[in-house]
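Participant: Just dropping this structure here.
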Amino acid sequence: MNVNVPQLADTLFERTTNSSWVVVFKALITTHHLMMYGNERFIQYLASRNTLFNLNNFLDKGALQGYDMSTFIRRYSRYLNEKALSYRLVAVDFTKMKRGIDGVMRTMNTEKLIKTLPIIQNQLDALLDFQANPNELTNGVINAAFMLLFKDSIRLFAAYNEGVINLLEKYFDMKKNQCKDALDIYKKFLYRMTKLSEFLKVAEFLTRLFLLQAPSSLLEALEQHLASLEGKKTKELSADNRANTLSNAVSSLSNTGMSFSFSSSRMDEKEKQQALEEEQARLQALKNQHLKEISMQTPSTSPSTQSMGSVNNHTAGMDLFTNTTSPPSTNSMPNLTSDLFDLQPAFVPAVQCTPISTVSNAWGVGCSTCPPDSVLERLGMFFGESLMLFFFLSTYSLTSLLCGCGQSAIVPSSIYCVCVCVCVCVSGGWVLIGIFLHL
């Protein structure tokens, strides 16, 4: 089903009004996943809304884990609101911006940098307030949310670290008010590094990241420079000492940033590899399903089908000896052999069997001068002729007997009976001899 971005977002917001913590938590995780991996129009729409997740007072009293899970829902929704608010203020997602020496935060000017870093601080504060311990991560829903928060924390702190490096490099060239704001930002940065290290201890099973703190002498140098701008009497460091301190601090923070960037790139590669493996597994499953459907639709070959195939093959073989020629195909050579045979005159056999009109004898039985075509026809013809002869002799004997008995009373009737029997036996013997000779 195709759903546009506003409709999808409104559906997720509607799900968060449910009284069950399971439904609300899953809706928040889905929203966070779309903000990270979905189209940028989704987070743009969230940033354009007047109200986002209003779950500060959410409490599920009906479920067994309702009280504990409601606490995480309130914290999680606050971070998602801060993430959308950050995009509204700077029109960029800090977790997706370009990093490095020529990145967005390293090349940002002073005024914009001082305004942008507090926004990152607020988003990072909301992320670190999730506060899940290792025992609570055994819950599948909390673990899914924590994994997304962990990935955001790596990318978000990398951008935060690069912004602070850029701020320190420009600190000694700032005005008094800018130095005051920059010093406050740096102090908060040190505090958040401590909180982030505690957050990463919970995620030691995911990765091992080491935060290299800037030397404490850097903070003293920054405070002394601000005091000097305010006209206070302080012990100022020499230019060389200040440059060395600043260089060491930048080097430490750069190593931390490189560690986080490397971890982020590794996570990106793992996610891409996992996505490719899932896609290949899905394609293989679809291929297997398609082959299974084809095998189910194809009927099995029955014996009758095989017999019909053999008959067709036999018919095709007999067609080779017929005079019928198939039309030549466009991709094959012309059939020269058939053309040569077509030029020859029709074959006329030397001995022809011309049928002769049937001659009916006195008994009404027809015969033909042409020899019979098979043994069965020969036997049939022979039996017909033998039966005719048998009936003829029997009739003749009976007729002679009757005539003789009527004309002469001298010849006894027994003699005539013997004659009839002899005729019958002779006729039967003739039949048997004919059968033997024909076989």
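Just so we're on the same page: first chain in the structure tokens is A, next is B, and so on; residues restart at 1 for each chain, and ligands are numbered from 1 in the order they show up.
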Need the shell around segment 85-92 of chain A: protein/DNA/RNA residues with any atom at most 8 Å away, counting only C-alpha atoms. Skip same-chain ones fewer than 5 positions apart. Format as a list of chain:residue names?

Facilitator: A:Ile43, A:Gln44, A:Ala47, A:Ser48, A:Met97, A:Thr116, A:Ile119, A:Ile120, A:Gln123

Participant: Write the residues of the preceding selection, restricted to all heavy atoms, as a PDB file, in the first residue's frame.

Facilitator:
ATOM      1  N   ILE A  43      11.479  13.649   8.209  1.00  0.00           N
ATOM      2  CA  ILE A  43      11.893  14.510   9.303  1.00  0.00           C
ATOM      3  C   ILE A  43      11.571  15.976   9.009  1.00  0.00           C
ATOM      4  O   ILE A  43      11.330  16.776   9.931  1.00  0.00           O
ATOM      5  CB  ILE A  43      13.405  14.320   9.594  1.00  0.00           C
ATOM      6  CG1 ILE A  43      13.788  14.983  10.906  1.00  0.00           C
ATOM      7  CG2 ILE A  43      14.254  14.826   8.449  1.00  0.00           C
ATOM      8  CD1 ILE A  43      15.208  14.691  11.353  1.00  0.00           C
ATOM      9  N   GLN A  44      11.527  16.352   7.757  1.00  0.00           N
ATOM     10  CA  GLN A  44      11.092  17.698   7.410  1.00  0.00           C
ATOM     11  C   GLN A  44       9.637  17.930   7.801  1.00  0.00           C
ATOM     12  O   GLN A  44       9.285  18.995   8.318  1.00  0.00           O
ATOM     13  CB  GLN A  44      11.283  17.942   5.911  1.00  0.00           C
ATOM     14  CG  GLN A  44      12.725  18.087   5.471  1.00  0.00           C
ATOM     15  CD  GLN A  44      12.854  18.234   3.969  1.00  0.00           C
ATOM     16  OE1 GLN A  44      11.863  18.128   3.230  1.00  0.00           O
ATOM     17  NE2 GLN A  44      14.076  18.452   3.493  1.00  0.00           N
ATOM     18  N   ALA A  47       9.468  18.294  11.542  1.00  0.00           N
ATOM     19  CA  ALA A  47       9.949  19.598  11.977  1.00  0.00           C
ATOM     20  C   ALA A  47       8.959  20.713  11.673  1.00  0.00           C
ATOM     21  O   ALA A  47       8.952  21.753  12.357  1.00  0.00           O
ATOM     22  CB  ALA A  47      11.295  19.902  11.315  1.00  0.00           C
ATOM     23  N   SER A  48       8.120  20.524  10.689  1.00  0.00           N
ATOM     24  CA  SER A  48       7.147  21.560  10.318  1.00  0.00           C
ATOM     25  C   SER A  48       5.878  21.513  11.156  1.00  0.00           C
ATOM     26  O   SER A  48       5.067  22.442  11.092  1.00  0.00           O
ATOM     27  CB  SER A  48       6.784  21.417   8.831  1.00  0.00           C
ATOM     28  OG  SER A  48       6.116  20.180   8.605  1.00  0.00           O
ATOM     29  N   MET A  97      25.342  14.954   8.706  1.00  0.00           N
ATOM     30  CA  MET A  97      26.120  16.003   8.055  1.00  0.00           C
ATOM     31  C   MET A  97      27.534  15.520   7.747  1.00  0.00           C
ATOM     32  O   MET A  97      28.021  14.541   8.334  1.00  0.00           O
ATOM     33  CB  MET A  97      26.166  17.254   8.938  1.00  0.00           C
ATOM     34  CG  MET A  97      26.843  17.050  10.264  1.00  0.00           C
ATOM     35  SD  MET A  97      27.151  18.614  11.143  1.00  0.00           S
ATOM     36  CE  MET A  97      25.616  19.469  10.928  1.00  0.00           C
ATOM     37  N   THR A 116      24.918  27.232  16.959  1.00  0.00           N
ATOM     38  CA  THR A 116      24.613  25.845  16.605  1.00  0.00           C
ATOM     39  C   THR A 116      24.998  24.870  17.709  1.00  0.00           C
ATOM     40  O   THR A 116      24.269  23.903  17.967  1.00  0.00           O
ATOM     41  CB  THR A 116      25.348  25.466  15.298  1.00  0.00           C
ATOM     42  OG1 THR A 116      24.976  26.372  14.271  1.00  0.00           O
ATOM     43  CG2 THR A 116      24.993  24.051  14.872  1.00  0.00           C
ATOM     44  N   ILE A 119      22.412  23.925  20.350  1.00  0.00           N
ATOM     45  CA  ILE A 119      21.363  23.050  19.832  1.00  0.00           C
ATOM     46  C   ILE A 119      21.805  21.596  19.885  1.00  0.00           C
ATOM     47  O   ILE A 119      21.027  20.694  20.261  1.00  0.00           O
ATOM     48  CB  ILE A 119      20.995  23.473  18.392  1.00  0.00           C
ATOM     49  CG1 ILE A 119      20.486  24.913  18.367  1.00  0.00           C
ATOM     50  CG2 ILE A 119      19.949  22.534  17.810  1.00  0.00           C
ATOM     51  CD1 ILE A 119      20.237  25.451  16.967  1.00  0.00           C
ATOM     52  N   ILE A 120      23.057  21.353  19.525  1.00  0.00           N
ATOM     53  CA  ILE A 120      23.590  19.988  19.624  1.00  0.00           C
ATOM     54  C   ILE A 120      23.631  19.540  21.080  1.00  0.00           C
ATOM     55  O   ILE A 120      23.336  18.382  21.400  1.00  0.00           O
ATOM     56  CB  ILE A 120      24.995  19.918  18.990  1.00  0.00           C
ATOM     57  CG1 ILE A 120      24.939  20.306  17.515  1.00  0.00           C
ATOM     58  CG2 ILE A 120      25.574  18.520  19.129  1.00  0.00           C
ATOM     59  CD1 ILE A 120      26.288  20.282  16.821  1.00  0.00           C
ATOM     60  N   GLN A 123      20.155  18.408  22.202  1.00  0.00           N
ATOM     61  CA  GLN A 123      19.799  17.094  21.642  1.00  0.00           C
ATOM     62  C   GLN A 123      20.591  15.990  22.323  1.00  0.00           C
ATOM     63  O   GLN A 123      20.052  14.916  22.618  1.00  0.00           O
ATOM     64  CB  GLN A 123      20.051  17.088  20.134  1.00  0.00           C
ATOM     65  CG  GLN A 123      19.611  15.794  19.444  1.00  0.00           C
ATOM     66  CD  GLN A 123      19.773  15.834  17.940  1.00  0.00           C
ATOM     67  OE1 GLN A 123      19.935  16.916  17.363  1.00  0.00           O
ATOM     68  NE2 GLN A 123      19.738  14.683  17.307  1.00  0.00           N
TER      69      GLN A 123
END

Participant: Go through segment 123-198 of chain A residue by residue and, counting only C-alpha atoms, keep those with an atom at most 12 Å from segment 53-71 of chain A; for each kept residue give the shortest atom pair and its distance in Å to one decimal, ordered by chain and increasing number, as JSON lines.

Facilitator:
{"residue": "A:Asp129", "atom": "CA", "partner": "A:Thr71", "partner_atom": "CA", "distance": 10.9}
{"residue": "A:Phe130", "atom": "CA", "partner": "A:Thr71", "partner_atom": "CA", "distance": 9.1}
{"residue": "A:Gln131", "atom": "CA", "partner": "A:Thr71", "partner_atom": "CA", "distance": 10.3}
{"residue": "A:Ala132", "atom": "CA", "partner": "A:Thr71", "partner_atom": "CA", "distance": 10.6}
{"residue": "A:Glu136", "atom": "CA", "partner": "A:Asp68", "partner_atom": "CA", "distance": 9.8}
{"residue": "A:Leu137", "atom": "CA", "partner": "A:Met69", "partner_atom": "CA", "distance": 11.9}
{"residue": "A:Asn139", "atom": "CA", "partner": "A:Met69", "partner_atom": "CA", "distance": 10.0}
{"residue": "A:Gly140", "atom": "CA", "partner": "A:Met69", "partner_atom": "CA", "distance": 11.8}
{"residue": "A:Val141", "atom": "CA", "partner": "A:Met69", "partner_atom": "CA", "distance": 9.4}
{"residue": "A:Ile142", "atom": "CA", "partner": "A:Met69", "partner_atom": "CA", "distance": 8.4}
{"residue": "A:Ala145", "atom": "CA", "partner": "A:Met69", "partner_atom": "CA", "distance": 11.9}

Participant: Those selected residues, please, written with all heavy atoms and delivered as a compact mmCIF listing (two decimals), in the first residue's frame.

Facilitator:
# COMPACT_ATOMS: atom_id res chain seq x y z
N ASP A 129 19.74 11.26 28.61
CA ASP A 129 18.75 11.10 29.69
C ASP A 129 17.96 9.80 29.57
O ASP A 129 17.11 9.53 30.44
CB ASP A 129 17.78 12.28 29.70
CG ASP A 129 18.42 13.54 30.27
OD1 ASP A 129 19.46 13.41 30.95
OD2 ASP A 129 17.88 14.64 30.03
N PHE A 130 18.19 9.03 28.55
CA PHE A 130 17.48 7.75 28.42
C PHE A 130 17.85 6.81 29.57
O PHE A 130 16.99 6.12 30.10
CB PHE A 130 17.82 7.10 27.07
CG PHE A 130 16.95 5.92 26.72
CD1 PHE A 130 15.65 6.10 26.31
CD2 PHE A 130 17.46 4.64 26.81
CE1 PHE A 130 14.85 5.01 26.00
CE2 PHE A 130 16.67 3.53 26.49
CZ PHE A 130 15.36 3.73 26.08
N GLN A 131 19.12 6.76 29.93
CA GLN A 131 19.61 6.11 31.15
C GLN A 131 19.10 4.67 31.31
O GLN A 131 18.33 4.36 32.22
CB GLN A 131 19.22 6.94 32.38
CG GLN A 131 19.87 8.30 32.43
CD GLN A 131 19.43 9.10 33.63
OE1 GLN A 131 18.58 8.67 34.41
NE2 GLN A 131 20.00 10.29 33.79
N ALA A 132 19.52 3.82 30.41
CA ALA A 132 19.19 2.40 30.51
C ALA A 132 20.40 1.65 31.04
O ALA A 132 21.52 1.87 30.59
CB ALA A 132 18.78 1.84 29.15
N GLU A 136 18.31 -3.77 32.08
CA GLU A 136 17.09 -3.36 31.38
C GLU A 136 17.19 -3.59 29.87
O GLU A 136 16.16 -3.64 29.19
CB GLU A 136 16.81 -1.88 31.66
CG GLU A 136 16.42 -1.61 33.10
CD GLU A 136 16.40 -0.13 33.42
OE1 GLU A 136 17.06 0.64 32.69
OE2 GLU A 136 15.72 0.27 34.39
N LEU A 137 18.41 -3.74 29.36
CA LEU A 137 18.57 -3.97 27.92
C LEU A 137 18.19 -5.39 27.52
O LEU A 137 18.17 -5.71 26.33
CB LEU A 137 20.01 -3.71 27.50
CG LEU A 137 20.48 -2.24 27.60
CD1 LEU A 137 21.92 -2.11 27.15
CD2 LEU A 137 19.57 -1.33 26.78
N ASN A 139 15.31 -6.46 27.83
CA ASN A 139 14.00 -6.27 27.21
C ASN A 139 14.19 -5.92 25.74
O ASN A 139 14.94 -5.00 25.40
CB ASN A 139 13.24 -5.15 27.95
CG ASN A 139 11.81 -5.01 27.45
OD1 ASN A 139 11.57 -4.65 26.31
ND2 ASN A 139 10.86 -5.29 28.32
N GLY A 140 13.51 -6.65 24.87
CA GLY A 140 13.70 -6.46 23.43
C GLY A 140 13.31 -5.07 22.95
O GLY A 140 13.97 -4.49 22.08
N VAL A 141 12.26 -4.49 23.50
CA VAL A 141 11.81 -3.18 23.06
C VAL A 141 12.80 -2.10 23.50
O VAL A 141 13.17 -1.22 22.71
CB VAL A 141 10.40 -2.90 23.60
CG1 VAL A 141 9.90 -1.54 23.13
CG2 VAL A 141 9.43 -3.98 23.17
N ILE A 142 13.24 -2.17 24.74
CA ILE A 142 14.23 -1.20 25.23
C ILE A 142 15.54 -1.34 24.46
O ILE A 142 16.19 -0.35 24.12
CB ILE A 142 14.44 -1.38 26.74
CG1 ILE A 142 13.15 -1.09 27.50
CG2 ILE A 142 15.55 -0.47 27.24
CD1 ILE A 142 13.25 -1.28 28.99
N ALA A 145 15.32 0.36 21.04
CA ALA A 145 15.43 1.82 21.15
C ALA A 145 16.85 2.24 21.51
O ALA A 145 17.37 3.23 20.98
CB ALA A 145 14.45 2.33 22.20

Participant: When you look at Leu46 of chain A with a cut-off of 10 Å (counting only C-alpha atoms), what residues show up, excluding the ones that are within fewer than 5 positions of it in the same chain? I need them as a PDB file with C-alpha atoms, in the first residue's frame.

Facilitator:
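That gives us selection03.pdb:
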ATOM      1  CA  VAL A   5       4.682  11.040   4.228  1.00  0.00           C
ATOM      2  CA  PRO A   6       2.085  13.163   6.071  1.00  0.00           C
ATOM      3  CA  ALA A   9       3.472  10.450  10.214  1.00  0.00           C
ATOM      4  CA  ASP A  10      -0.099  11.148  11.317  1.00  0.00           C
ATOM      5  CA  THR A  31       9.416   6.974  13.977  1.00  0.00           C
ATOM      6  CA  MET A  35      14.101   9.642  10.853  1.00  0.00           C
ATOM      7  CA  ARG A  41      10.953  14.505   3.779  1.00  0.00           C
ATOM      8  CA  THR A  51       3.110  19.777  18.054  1.00  0.00           C
ATOM      9  CA  LEU A  52       4.971  16.495  18.197  1.00  0.00           C
ATOM     10  CA  LEU A  80      12.643  12.525  19.315  1.00  0.00           C
ATOM     11  CA  ASN A  81      11.063  15.940  19.908  1.00  0.00           C
ATOM     12  CA  LYS A  83      15.774  15.791  17.212  1.00  0.00           C
ATOM     13  CA  ALA A  84      12.916  17.219  15.162  1.00  0.00           C
ATOM     14  CA  LEU A  85      13.350  20.633  16.809  1.00  0.00           C
ATOM     15  CA  TYR A  87      16.205  20.069  12.308  1.00  0.00           C
ATOM     16  CA  ARG A  88      13.684  22.901  12.419  1.00  0.00           C
TER      17      ARG A  88
END

Participant: So the first atom is atom CA of Leu113 of chain A and the second is atom CA of Gln224 of chain A; what is the distance between them in Å, to one decimal place?

Facilitator: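 The value is 22.1 Å.
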
Participant: Can you pull out every residue within 10 Å of Gln178 of chain A, counting only C-alpha atoms, but drop anything in the same chain fewer than 3 positions away, and send it as a list of chain:residue names?

Facilitator: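 Counting only C-alpha atoms, the residues come to A:Thr110, A:Glu111, A:Ile114, A:Tyr171, A:Asp173, A:Met174, A:Lys175, A:Asp181, A:Ala182, A:Leu183, A:Asp184, A:Leu226.
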
Participant: Got a sec: who's within 7 Å of Arg78 of chain A, counting only C-alpha atoms, leaving out chain neighbours fewer than 4 positions off, as a list in words?

Facilitator: Arg74, Glu82 and Ala126 of chain A

Participant: When DSSP works through the backbone of this structure, what residues of segment 83-248 of chain A end up as alpha helix (DSSP H), shown as a count of residues only?

Facilitator: 108

Participant: Leaving out Lys176 of chain A and any residue of its chain fewer than 3 positions from it, which residues lie within 7 Å of it when counting only C-alpha atoms, given as a list of chain:residue names?

Facilitator: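 Those residues are A:Cys179, A:Lys180, A:Leu226, A:Leu229.
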